[in-house]
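Take a look at the structure set out below.
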Amino acid sequence: MPSLQGFVQSLFSEEMATAFKLTLSTSVIAALSVILIAVPTAYSLSRYNFPLKNIVKSILDLPMAFPEIILGIALLMLFGNNLFGNFLQSLGINIVFTTTGIIIAQFFVAFPYAVRIIYSTFNYINPRYELVSRSLGYGEFETFKNITIPLAKSGIFAALVVTIARCIGTFAAVLLVGGGTYLRTETLPIAIYYNLSLGNIDMAITASIILILISFAAIFVLEKYANENTG
């Protein structure tokens with residue numbers, strides 16, 4: 001049974017500190033990267049017609065339809081010991097079983113959700129606002145920056161909230177690509193799994209509580225900031 005003493009010891013252990021810092025740092029980097037790429041991707045899907053558009057949309061949505069472990073296996077096959085993985089290694093870029101691998105796994109897990117939310121947001125914005133802006137002499141990028149983005153701000157914040165939550169809670173893909181090495185690539189979800197399998201209930205429960213708290217804090221802060229800037 002878990003105890004208060006065991007909780008305190010686990011809370012201040014080196015393993016917990018490492019897992020906490022790694023989870024927070026990788027999630028922030030991955031979430032920001034997701035939003036930076038998801039916004040232009042969703043805008044292109046919403047505003048332009050191009051060959052195989054429906055197939056591209058289906059491919060982007062596909063990771064939401066199957067278990068996360070399948071995505072982890074696909075990423076491991078892509079960046080592992082193969083032609084592409086060896087090419088990256090020759091450039092000094094190591095993906096598998098590294099912190100970079102964790103970020104990439106979190107990115108691909110969260111990216112489809114962000115694109116879907118932001119795409120729906122852009123679809124709700126009347127294109128006439130953009131046409132009026134262009135008729136007044138503003139270029140496409142200026143219109144996108146000054147008209148479209150402000151109108152889509154609430155949707156982008158919503159996507160950021162979901163992205164942060166998905167990145168923090170990513171488990172199977174991170175375990176396969178990052179490796180889950182003790183005190184090196186061990187995030188909080190992996191720490192929960194490892195310690196449960198070893199029977200270390202105090203450490204597992206402590207990691208679970210911390211994971212819940214930082215997820216709640218991230219969502220609360222982002223929601224509050226979104227309300228202040230859109231309300």
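Chain identifiers are assigned as A, B, and so on, following the order in which chains appear in the structure tokens; residues are numbered from 1 within each chain, and ligands are numbered from 1 in order of appearance.
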
Using only C-alpha atoms, which protein or nucleic acid residues come within 12 Å of segment 85-97 of chain A? Drop anything in the same chain fewer than 5 positions from it, and give the result as a PyMOL selection string.
chain A and resi 72-73+75-80+102-105+173-182+184-186

Residues within 12 Å of Phe108 of chain A, please, as a PyMOL selection string. Count only C-alpha atoms; anything in the same chain fewer than 3 positions from it doesn't count.
chain A and resi 27+30-31+33-35+37-38+60-64+68-72+74-75+101-105+111-115+163+166-167+170+173-174+177

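Residues lying within 9 Å of Ser120 of chain A, counting only C-alpha atoms and ignoring same-chain neighbours fewer than 6 positions away, are Ala42, Ser46 and Gly155 of chain A.
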
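Using only C-alpha atoms for every distance, the candidate list A:Leu136, A:Val39, A:Val28, A:Leu22 yields A:Val39 as the residue closest to Ala159 of chain A.
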
Distance query segment 7-13 of chain A at most 10 Å, only C-alpha atoms, self and fewer than 6 positions along chain excluded, as number ranges by chain
A: 200-207, 209-210

Quick one: everything within 8 Å of segment 211-227 of chain A, counting only C-alpha atoms, minus sequence neighbours fewer than 2 positions away in the same chain. Send it as a count of residues only.
17

Could you give me, as a VMD selection string, the residues within 8 Å of Phe122 of chain A, counting only C-alpha atoms and dropping anything in the same chain fewer than 3 positions from it?
chain A and resid 42 to 43 46 118 to 119 125 148 152

For segment 11-86 of chain A against segment 191-196 of chain A, with a cut-off of 9 Å and counting only C-alpha atoms, what is the closest atom pair and its distance in Å to one decimal for every residue that makes the cut, ordered by chain and number, as CSV?
residue,atom,partner,partner_atom,distance
A:Glu15,CA,A:Ala191,CA,8.2
A:Met16,CA,A:Ala191,CA,8.0
A:Ala19,CA,A:Ala191,CA,7.1

With N, CA and C atoms kept, could you save the residues just selected as a PDB file, in the first residue's frame?
ATOM      1  N   GLU A  15      15.042  10.157  -9.958  1.00  0.00           N
ATOM      2  CA  GLU A  15      14.251   9.652 -11.077  1.00  0.00           C
ATOM      3  C   GLU A  15      13.047  10.544 -11.358  1.00  0.00           C
ATOM      4  N   MET A  16      12.368  10.978 -10.285  1.00  0.00           N
ATOM      5  CA  MET A  16      11.179  11.806 -10.470  1.00  0.00           C
ATOM      6  C   MET A  16      11.551  13.188 -11.012  1.00  0.00           C
ATOM      7  N   ALA A  19      12.405  12.784 -14.742  1.00  0.00           N
ATOM      8  CA  ALA A  19      11.212  12.527 -15.542  1.00  0.00           C
ATOM      9  C   ALA A  19      10.359  13.781 -15.671  1.00  0.00           C
TER      10      ALA A  19
END

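The nearest approach to Asn123 of chain A among the residues A:Leu151, A:Phe84, A:Ser3, A:Gly139, with only C-alpha atoms taken into account, belongs to A:Leu151.
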
Write down as an NGL selection string the residues of segment 180-216 of chain A whose backbone DSSP state falls under alpha helix (DSSP H).
:A and (188-197 or 201-216)
